[in-house]
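Listing of coords_13.txt, compact mmCIF, C-alpha atoms
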# COMPACT_ATOMS: atom_id res chain seq x y z
CA MET A 1 -16.70 -34.08 200.03
CA THR A 2 -19.72 -36.34 200.16
CA VAL A 3 -19.81 -39.92 201.31
CA THR A 4 -20.88 -40.91 197.80
CA ALA A 5 -17.39 -39.98 196.63
CA LEU A 6 -15.74 -41.52 199.65
CA THR A 7 -17.45 -44.89 199.27
CA SER A 8 -16.10 -45.36 195.76
CA GLY A 9 -12.97 -47.00 197.28
CA THR A 10 -12.44 -50.69 197.98
CA GLY A 11 -10.95 -50.92 201.53
CA PRO A 12 -12.26 -53.39 204.08
CA GLY A 13 -14.11 -50.67 205.95
CA LEU A 14 -15.97 -49.69 202.83
CA GLN A 15 -16.79 -53.30 202.08
CA ALA A 16 -18.21 -53.58 205.60
CA CYS A 17 -20.26 -50.50 204.82
CA SER A 18 -21.77 -52.17 201.75
CA ALA A 19 -22.55 -55.25 203.88
CA PHE A 20 -25.17 -53.14 205.66
CA PRO A 21 -26.33 -51.08 202.70
CA ARG A 22 -28.04 -47.74 203.01
CA ALA A 23 -30.51 -49.24 200.53
CA SER A 24 -32.52 -49.86 203.72
CA TYR A 25 -33.29 -46.14 203.38
CA PRO A 26 -33.96 -45.66 199.64
CA ASP A 27 -35.03 -42.02 200.05
CA ALA A 28 -32.17 -41.03 202.41
CA VAL A 29 -30.33 -37.80 201.65
CA THR A 30 -26.51 -37.85 201.54
CA VAL A 31 -24.99 -35.33 203.90
CA PRO A 32 -21.46 -33.87 203.51
CA LEU A 33 -19.23 -35.25 206.25
CA GLY A 34 -18.03 -31.81 207.37
CA GLU A 35 -21.58 -30.60 208.00
CA LEU A 36 -22.40 -33.83 209.78
CA ALA A 37 -19.33 -33.48 212.01
CA ARG A 38 -20.25 -29.88 212.93
CA ALA A 39 -23.77 -30.93 213.89
CA TRP A 40 -22.59 -33.76 216.17
CA LEU A 41 -19.80 -31.72 217.72
CA ALA A 42 -22.45 -29.17 218.70
CA VAL A 43 -24.47 -31.95 220.33
CA GLY A 44 -21.40 -33.34 222.11
CA THR A 45 -20.26 -30.01 223.53
CA GLN A 46 -23.57 -28.31 224.37
CA SER A 47 -25.77 -31.08 225.76
CA VAL A 48 -25.37 -30.49 229.49
CA GLY A 49 -28.03 -32.35 231.47
CA GLY A 50 -28.14 -35.86 230.07
CA ALA A 51 -30.55 -37.53 227.69
CA THR A 52 -33.25 -34.87 227.56
CA SER A 53 -31.00 -32.06 226.40
CA THR A 54 -29.04 -34.42 224.12
CA VAL A 55 -32.17 -35.61 222.30
CA SER A 56 -33.43 -32.03 222.04
CA LEU A 57 -30.17 -30.91 220.46
CA MET A 58 -30.15 -33.92 218.11
CA ARG A 59 -33.65 -33.07 216.96
CA LEU A 60 -32.74 -29.38 216.54
CA ARG A 61 -29.65 -30.16 214.44
CA ILE A 62 -30.90 -33.17 212.43
CA VAL A 63 -34.58 -32.32 211.94
CA GLU A 64 -35.41 -28.66 212.57
CA ARG A 65 -32.38 -26.77 211.22
CA THR A 66 -31.20 -29.03 208.42
CA GLY A 67 -34.17 -31.20 207.47
CA TRP A 68 -31.84 -34.19 207.03
CA LEU A 69 -34.54 -36.32 208.60
CA SER A 70 -38.26 -35.71 209.00
CA LEU A 71 -39.61 -35.78 212.55
CA ARG A 72 -41.32 -39.08 211.76
CA GLU A 73 -38.04 -40.61 210.52
CA PHE A 74 -36.23 -39.30 213.60
CA MET A 75 -38.79 -40.81 215.97
CA GLU A 76 -38.82 -44.14 214.11
CA THR A 77 -35.06 -44.31 214.42
CA TYR A 78 -35.35 -43.41 218.11
CA ALA A 79 -37.85 -46.25 218.61
CA LEU A 80 -35.29 -48.70 217.20
CA ALA A 81 -32.46 -47.19 219.26
CA ILE A 82 -34.24 -47.78 222.57
CA LEU A 83 -34.12 -51.51 221.82
CA SER A 84 -30.32 -51.48 221.89
CA PRO A 85 -28.12 -52.59 224.75
CA GLY A 86 -26.02 -49.91 226.43
CA ILE A 87 -26.43 -46.18 225.87
CA HIS A 88 -29.46 -45.75 223.60
CA LEU A 89 -28.35 -42.38 222.27
CA VAL A 90 -25.10 -43.90 220.96
CA ALA A 91 -27.27 -46.29 218.96
CA LEU A 92 -29.40 -43.36 217.80
CA ALA A 93 -26.33 -41.39 216.66
CA ALA A 94 -24.97 -44.48 214.88
CA LEU A 95 -28.24 -45.22 213.09
CA ILE A 96 -28.68 -41.59 212.01
CA GLY A 97 -25.06 -41.25 210.92
CA HIS A 98 -25.21 -44.47 208.90
CA ARG A 99 -28.44 -43.41 207.29
CA LEU A 100 -27.11 -39.99 206.31
CA ALA A 101 -23.55 -40.81 205.25
CA GLY A 102 -22.80 -44.54 205.44
CA LEU A 103 -20.04 -46.05 207.57
CA ARG A 104 -18.01 -42.84 207.75
CA GLY A 105 -21.12 -40.98 208.80
CA LEU A 106 -21.63 -43.52 211.58
CA VAL A 107 -18.09 -43.05 212.88
CA ILE A 108 -18.26 -39.25 212.66
CA SER A 109 -21.64 -39.10 214.38
CA VAL A 110 -20.72 -41.32 217.33
CA ALA A 111 -17.26 -39.79 217.75
CA GLY A 112 -18.61 -36.25 217.33
CA MET A 113 -21.08 -36.78 220.16
CA MET A 114 -18.98 -38.93 222.51
CA VAL A 115 -15.37 -37.69 222.22
CA PRO A 116 -16.03 -34.08 223.38
CA SER A 117 -18.24 -35.46 226.14
CA ALA A 118 -15.51 -37.91 227.20
CA ILE A 119 -12.87 -35.16 227.30
CA ILE A 120 -15.10 -32.95 229.45
CA THR A 121 -15.94 -35.93 231.70
CA VAL A 122 -12.28 -36.83 232.24
CA ALA A 123 -11.39 -33.19 232.96
CA LEU A 124 -14.14 -32.98 235.59
CA SER A 125 -13.02 -36.34 237.04
CA VAL A 126 -9.45 -35.09 237.37
CA ILE A 127 -10.65 -32.04 239.31
CA VAL A 128 -13.00 -34.02 241.57
CA GLY A 129 -10.44 -36.79 242.11
CA ALA A 130 -7.64 -34.36 243.00
CA ALA A 131 -9.80 -32.54 245.55
CA GLY A 132 -11.44 -35.69 246.89
CA ASP A 133 -9.49 -35.86 250.16
CA HIS A 134 -9.84 -32.18 251.06
CA PRO A 135 -12.20 -31.68 254.05
CA VAL A 136 -14.32 -29.21 252.10
CA MET A 137 -14.72 -31.66 249.22
CA ARG A 138 -15.53 -34.49 251.62
CA ALA A 139 -18.25 -32.38 253.24
CA ALA A 140 -19.66 -31.48 249.82
CA LEU A 141 -19.67 -35.14 248.78
CA ALA A 142 -21.54 -36.00 251.98
CA GLY A 143 -24.38 -34.00 250.47
CA VAL A 144 -23.88 -35.15 246.89
CA ALA A 145 -24.12 -38.86 247.85
CA PRO A 146 -27.79 -38.80 248.94
CA VAL A 147 -28.61 -36.65 245.90
CA THR A 148 -27.14 -39.27 243.54
CA ALA A 149 -28.99 -41.95 245.51
CA GLY A 150 -32.27 -40.08 245.04
CA MET A 151 -31.51 -39.46 241.36
CA THR A 152 -30.85 -43.17 240.82
CA ALA A 153 -34.15 -44.07 242.49
CA GLY A 154 -35.86 -41.36 240.41
CA LEU A 155 -34.43 -42.90 237.23
CA ALA A 156 -35.80 -46.27 238.35
CA LEU A 157 -39.24 -44.68 238.62
CA VAL A 158 -38.89 -43.02 235.20
CA THR A 159 -37.95 -46.39 233.69
CA ALA A 160 -40.91 -48.02 235.41
CA ARG A 161 -43.26 -45.23 234.28
CA SER A 162 -42.40 -45.82 230.63
CA THR A 163 -42.56 -49.61 230.89
CA VAL A 164 -45.29 -50.65 233.33
CA ARG A 165 -48.61 -51.33 231.59
CA ARG A 166 -51.94 -50.06 232.78
CA GLY A 167 -54.64 -52.22 234.35
CA ARG A 168 -54.23 -55.72 235.69
CA ARG A 169 -51.18 -56.48 233.55
CA GLY A 170 -49.38 -53.71 235.36
CA ILE A 171 -49.49 -55.85 238.51
CA VAL A 172 -47.28 -58.44 236.76
CA ASP A 173 -44.85 -55.67 235.76
CA LEU A 174 -44.69 -54.30 239.31
CA LEU A 175 -44.10 -57.83 240.57
CA VAL A 176 -41.07 -58.18 238.26
CA ILE A 177 -39.66 -54.87 239.56
CA THR A 178 -40.23 -55.93 243.18
CA ILE A 179 -38.58 -59.33 242.66
CA ALA A 180 -35.56 -57.73 240.95
CA PHE A 181 -35.26 -55.20 243.79
CA GLY A 182 -35.52 -57.91 246.45
CA LEU A 183 -33.02 -60.21 244.73
CA LEU A 184 -30.37 -57.51 244.43
CA VAL A 185 -30.85 -56.43 248.06
CA GLY A 186 -30.64 -60.04 249.27
CA PHE A 187 -28.09 -61.32 246.75
CA PRO A 188 -25.90 -58.44 245.52
CA SER A 189 -24.13 -60.68 242.99
CA SER A 190 -27.30 -61.69 241.15
CA THR A 191 -27.41 -58.83 238.63
CA VAL A 192 -26.74 -60.77 235.44
CA LEU A 193 -29.14 -63.58 236.34
CA VAL A 194 -31.87 -61.11 237.24
CA VAL A 195 -31.58 -59.13 233.97
CA LEU A 196 -31.33 -62.17 231.69
CA GLY A 197 -34.01 -64.09 233.58
CA SER A 198 -36.42 -61.15 233.39
CA ALA A 199 -35.69 -60.61 229.70
CA LEU A 200 -36.30 -64.26 228.82
CA ALA A 201 -39.45 -64.37 230.94
CA GLY A 202 -40.55 -61.12 229.29
CA SER A 203 -40.21 -62.57 225.79
CA VAL A 204 -42.78 -65.20 226.77
CA LEU A 205 -45.03 -63.46 229.29
CA LEU A 206 -44.86 -59.76 228.38
CA ALA A 207 -44.82 -59.93 224.59
CA ARG A 208 -48.20 -58.38 223.88
CA ASP A 209 -47.27 -54.73 224.03
CA ARG A 210 -44.28 -52.69 223.03
CA PRO A 211 -42.37 -50.73 225.64
CA GLY A 212 -42.80 -46.98 225.69
CA ALA A 213 -40.11 -44.68 224.37
CA GLY A 214 -39.91 -42.38 227.31
CA GLY A 215 -37.43 -44.23 229.49
CA ALA A 216 -34.14 -43.10 230.90
CA GLU A 217 -31.77 -43.16 227.95
CA MET B 1 -6.15 -52.12 237.48
CA GLY B 2 -5.37 -52.91 233.83
CA ALA B 3 -7.20 -51.20 230.99
CA LEU B 4 -7.96 -54.54 229.29
CA GLU B 5 -9.55 -55.94 232.43
CA LEU B 6 -11.59 -52.76 232.81
CA PHE B 7 -12.60 -52.92 229.16
CA VAL B 8 -14.00 -56.42 229.65
CA ILE B 9 -15.92 -55.35 232.76
CA PHE B 10 -17.38 -52.25 231.08
CA LEU B 11 -18.22 -54.19 227.91
CA LYS B 12 -20.10 -56.79 229.98
CA ALA B 13 -21.97 -54.05 231.84
CA SER B 14 -22.88 -52.18 228.66
CA THR B 15 -24.02 -55.35 226.90
CA LEU B 16 -26.29 -56.38 229.78
CA GLY B 17 -27.60 -52.91 230.58
CA LEU B 18 -30.48 -51.13 228.87
CA GLY B 19 -30.06 -47.37 228.78
CA GLY B 20 -27.37 -45.10 230.13
CA TYR B 21 -27.76 -46.22 233.73
CA GLY B 22 -28.64 -49.85 232.95
CA SER B 23 -24.96 -50.73 233.34
CA LEU B 24 -24.91 -49.51 236.95
CA PRO B 25 -25.97 -52.77 238.68
CA VAL B 26 -23.30 -54.84 236.89
CA LEU B 27 -20.60 -52.20 237.46
CA ARG B 28 -21.39 -51.95 241.16
CA GLU B 29 -21.12 -55.72 241.42
CA ASP B 30 -17.90 -56.07 239.37
CA LEU B 31 -16.07 -52.93 240.54
CA ILE B 32 -17.34 -51.83 243.96
CA LEU B 33 -18.37 -55.14 245.54
CA ALA B 34 -15.23 -56.73 244.08
CA GLY B 35 -13.07 -54.10 245.77
CA ARG B 36 -11.75 -52.51 242.53
CA ALA B 37 -13.38 -49.14 243.28
CA THR B 38 -15.24 -47.57 246.19
CA ASP B 39 -18.81 -46.42 246.70
CA GLU B 40 -17.40 -42.91 247.18
CA GLN B 41 -15.81 -43.06 243.73
CA LEU B 42 -19.10 -44.29 242.29
CA VAL B 43 -20.89 -41.30 243.83
CA GLN B 44 -18.22 -38.97 242.40
CA ALA B 45 -18.55 -40.61 238.97
CA LEU B 46 -22.36 -40.32 238.99
CA ALA B 47 -22.07 -36.63 239.93
CA VAL B 48 -19.49 -35.97 237.21
CA GLY B 49 -21.64 -37.78 234.65
CA ARG B 50 -24.55 -35.54 235.56
CA LEU B 51 -22.45 -32.39 235.25
CA SER B 52 -20.84 -33.35 231.93
CA THR B 53 -22.24 -33.12 228.41
CA GLY B 54 -23.57 -35.99 226.32
CA PRO B 55 -26.11 -38.72 226.94
CA ASN B 56 -26.91 -40.45 230.22
CA GLY B 57 -24.26 -43.04 230.93
CA THR B 58 -21.10 -40.92 230.60
CA TYR B 59 -20.56 -41.66 234.28
CA VAL B 60 -18.87 -44.88 233.10
CA ILE B 61 -16.03 -42.78 231.62
CA SER B 62 -15.52 -41.10 234.98
CA LEU B 63 -15.70 -44.43 236.81
CA GLY B 64 -13.16 -45.85 234.35
CA TYR B 65 -10.88 -42.90 235.13
CA PHE B 66 -11.15 -43.44 238.89
CA ALA B 67 -10.49 -47.19 238.51
CA GLY B 68 -7.71 -47.03 235.90
CA GLY B 69 -6.67 -43.47 235.01
CA VAL B 70 -6.96 -42.05 231.48
CA ALA B 71 -6.48 -45.54 229.99
CA GLY B 72 -9.38 -46.75 232.13
CA ALA B 73 -11.55 -43.86 230.92
CA PHE B 74 -10.70 -44.71 227.30
CA ALA B 75 -11.47 -48.39 227.90
CA ALA B 76 -14.84 -47.45 229.40
CA LEU B 77 -15.65 -45.11 226.49
CA VAL B 78 -14.91 -47.73 223.83
CA ALA B 79 -16.69 -50.49 225.75
CA ALA B 80 -19.77 -48.31 226.23
CA CYS B 81 -19.99 -47.59 222.49
CA ILE B 82 -19.61 -51.12 221.10
CA PRO B 83 -22.94 -52.76 222.10
CA PRO B 84 -25.13 -49.88 220.81
CA LEU B 85 -23.22 -49.95 217.49
CA MET B 86 -24.45 -53.49 216.97
CA MET B 87 -27.87 -51.99 216.26
CA VAL B 88 -26.74 -50.82 212.80
CA PRO B 89 -26.20 -54.29 211.28
CA LEU B 90 -29.13 -55.63 213.32
CA VAL B 91 -31.50 -53.01 211.90
CA ALA B 92 -30.15 -53.64 208.40
CA VAL B 93 -30.79 -57.38 208.47
CA ALA B 94 -33.57 -57.87 211.03
CA ARG B 95 -35.61 -54.69 211.30
CA GLY B 96 -38.87 -56.66 211.24
CA ARG B 97 -37.83 -59.05 213.98
CA LEU B 98 -36.66 -56.19 216.19
CA LEU B 99 -40.17 -54.79 216.00
CA SER B 100 -41.79 -58.16 216.81
CA SER B 101 -43.82 -58.60 219.98
CA ALA B 102 -41.50 -61.33 221.32
CA PHE B 103 -38.47 -59.05 221.15
CA ALA B 104 -40.51 -56.21 222.64
CA GLY B 105 -41.33 -58.52 225.55
CA PHE B 106 -37.64 -59.39 225.93
CA VAL B 107 -36.77 -55.68 226.16
CA ARG B 108 -39.71 -54.99 228.48
CA GLY B 109 -38.59 -57.75 230.86
CA ALA B 110 -35.05 -56.39 230.98
CA SER B 111 -36.34 -52.83 231.49
CA LEU B 112 -38.53 -53.87 234.42
CA ALA B 113 -35.61 -55.71 236.03
CA THR B 114 -33.42 -52.64 235.50
CA ALA B 115 -35.96 -50.47 237.31
CA GLY B 116 -35.88 -52.81 240.32
CA LEU B 117 -32.09 -53.01 240.30
CA LEU B 118 -31.73 -49.20 240.10
CA LEU B 119 -34.05 -48.85 243.11
CA ALA B 120 -31.82 -51.26 245.05
CA ILE B 121 -28.69 -49.32 244.07
CA GLY B 122 -30.30 -46.03 245.11
CA LEU B 123 -30.90 -47.58 248.52
CA ALA B 124 -27.31 -48.86 248.70
CA LEU B 125 -25.87 -45.44 247.79
CA LEU B 126 -28.02 -43.77 250.44
CA ALA B 127 -26.97 -46.16 253.19
CA PRO B 128 -23.64 -47.80 252.26
CA GLN B 129 -22.84 -48.45 255.95
CA GLY B 130 -26.40 -49.37 256.93
CA ALA B 131 -29.31 -47.32 258.25
CA ALA B 132 -27.35 -46.10 261.30
CA GLY B 133 -25.21 -43.78 259.15
CA VAL B 134 -28.15 -42.01 257.52
CA ALA B 135 -29.00 -38.54 258.87
CA TRP B 136 -32.36 -36.83 258.48
CA TRP B 137 -30.99 -34.39 255.94
CA HIS B 138 -29.69 -37.28 253.81
CA LEU B 139 -33.27 -38.57 253.58
CA VAL B 140 -34.60 -35.11 252.67
CA LEU B 141 -31.96 -34.64 249.95
CA ALA B 142 -32.61 -38.11 248.51
CA ALA B 143 -36.37 -37.56 248.48
CA VAL B 144 -36.10 -34.15 246.81
CA ALA B 145 -33.61 -35.46 244.21
CA GLY B 146 -35.79 -38.51 243.51
CA ILE B 147 -38.95 -36.45 243.00
CA ALA B 148 -37.15 -33.81 240.89
CA THR B 149 -35.58 -36.50 238.69
CA TYR B 150 -38.94 -38.21 238.24
CA GLN B 151 -40.62 -34.95 237.28
CA GLY B 152 -37.69 -33.89 235.08
CA ARG B 153 -38.20 -30.20 235.78
CA MET B 154 -34.93 -29.34 237.52
CA HIS B 155 -31.49 -29.42 235.91
CA PRO B 156 -29.32 -32.20 237.44
CA ALA B 157 -26.44 -29.75 237.99
CA LEU B 158 -28.70 -27.66 240.25
CA LEU B 159 -29.57 -30.73 242.31
CA ILE B 160 -25.92 -31.69 242.71
CA GLY B 161 -25.02 -28.10 243.60
CA ALA B 162 -27.77 -28.02 246.22
CA GLY B 163 -26.54 -31.33 247.65
CA ALA B 164 -22.95 -30.05 247.84
CA ALA B 165 -24.08 -26.82 249.54
CA THR B 166 -26.15 -28.78 252.07
CA GLY B 167 -23.20 -31.08 252.73
CA LEU B 168 -20.94 -28.08 253.35
CA ALA B 169 -23.49 -26.64 255.78
CA LEU B 170 -24.43 -29.83 257.64
CA GLY B 171 -21.93 -32.52 256.72
CA ARG B 172 -18.67 -31.32 258.30
CA SER B 173 -17.52 -33.80 260.92

Would you kindly transcribe this structure into structure tokens?
Amino acid sequence: MTVTALTSGTGPGLQACSAFPRASYPDAVTVPLGELARAWLAVGTQSVGGATSTVSLMRLRIVERTGWLSLREFMETYALAILSPGIHLVALAALIGHRLAGLRGLVISVAGMMVPSAIITVALSVIVGAAGDHPVMRAALAGVAPVTAGMTAGLALVTARSTVRRGRRGIVDLLVITIAFGLLVGFPSSTVLVVLGSALAGSVLLARDRPGAGGAE
Amino acid sequence: MGALELFVIFLKASTLGLGGYGSLPVLREDLILAGRATDEQLVQALAVGRLSTGPNGTYVISLGYFAGGVAGAFAALVAACIPPLMMVPLVAVARGRLLSSAFAGFVRGASLATAGLLLAIGLALLAPQGAAGVAWWHLVLAAVAGIATYQGRMHPALLIGAGAATGLALGRS
């Protein structure tokens, strides 16, 4: 069953769908919901390793194997998704799903990617939580803690690499990073003010160039 | 801790954070510093998120589980999905404005701040009790993990496995 048939109803959800019409994508193909669900379930169950493997699987399933989107369309959608708050790849799945099959496509795409991942995450959490007080687990976590600390710092550097401009303007960018770092170390409760203050300052002072698309999703 | 309260906290963090780990500074402030979860649980959640499938940021589901059980995990999942979904109507009605230089500057400013905040959190996770509790092998593990993450050449599960093995060898007290 295609979404064209499904959207012939008149429920509130379908009216919401027509409020954000797919006419934004006049040449979009309409993908059967079952095929769309299979593609996203594959992404949600096989993408071990975070954003890199998830994006690779998305591209494989949406661009290479099915041709539902061209590579250019996929990358344009990705460029919009990295502007979103929260998890960028949820925005990417939502935008692709909406483009390919309307509101139901959006729901299937996001749920297909996130629900299997959430089930696996909870199962792993149950195991880790249950063994958390065992001496062996505590010793293992003593080694995992500095690794997660290093990974977090590494992600900060990846984010900076994709955002900091070259040349003199990069000095301003590095200054913003340093101030944010110093404020959170000195005032641990300043997170919201730091993010919003930097964003507002950025809209005035940093508006000449677009951010890169290679950040930590 | 109630699922509704957790939902509000995770929704705030997801709304203010850019990217999968952008929510980390707000969550550390609202959950760990507020005494609703521990740094140890945050470390466990970050490790689980790295071992699981899906995009960066699934650690919030694990953190929700540790703070509020399965209901907490569900609250975190829903809260993490809502802000990114707002991009669909935004793109439909304001695609041009989203691609404007002013909005790009807004996003760039938030991204730069996120980089600084993540650096500070990395430091806090390495030395939650201060510098006195940091052993030499902690520093080596953190440096190796940081470089490997920056280069993107090693699977995160391998790094976590190596950290666990090192902890078993050197971390028994």

I'd like the contact shell of Leu193 of chain A - 12 Å cut-off, all atoms listed in the file, skipping same-chain residues fewer than 4 positions apart - returned as a tab-separated table (two decimals) with C-alpha atoms, keeping the file's coordinate frame.
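That gives us out07.tsv:
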chain	number	residue	atom	x	y	z
A	180	ALA	CA	-35.56	-57.73	240.95
A	183	LEU	CA	-33.02	-60.21	244.73
A	184	LEU	CA	-30.37	-57.51	244.43
A	187	PHE	CA	-28.09	-61.32	246.75
A	188	PRO	CA	-25.90	-58.44	245.52
A	189	SER	CA	-24.13	-60.68	242.99
A	197	GLY	CA	-34.01	-64.09	233.58
A	198	SER	CA	-36.42	-61.15	233.39
A	199	ALA	CA	-35.69	-60.61	229.70
A	200	LEU	CA	-36.30	-64.26	228.82
A	201	ALA	CA	-39.45	-64.37	230.94
B	16	LEU	CA	-26.29	-56.38	229.78
B	25	PRO	CA	-25.97	-52.77	238.68
B	26	VAL	CA	-23.30	-54.84	236.89
B	110	ALA	CA	-35.05	-56.39	230.98
B	113	ALA	CA	-35.61	-55.71	236.03
B	114	THR	CA	-33.42	-52.64	235.50
B	117	LEU	CA	-32.09	-53.01	240.30

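Reported to one decimal place, the separation of atom CA of Ala207 of chain A from atom CA of Asn56 of chain B is 27.1 Å.
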
Point (-3.5, -55.7, 236.8), cut-off 12 Å, counting all atoms listed in the file, residues as a count of residues only: 10

Selection: 8 Å around segment 47-61 of chain A, all atoms listed in the file, excl. self and same-chain fewer than 6 positions, as JSON, numbers by chain: {"A": [39, 40, 71, 74, 89, 216, 217], "B": [50, 51, 52, 53, 54, 55, 56, 155, 156, 157]}

Residue nearest chain A among B:Leu168, B:Ile82, B:Leu42, B:Leu11 (counting all atoms listed in the file): B:Leu168
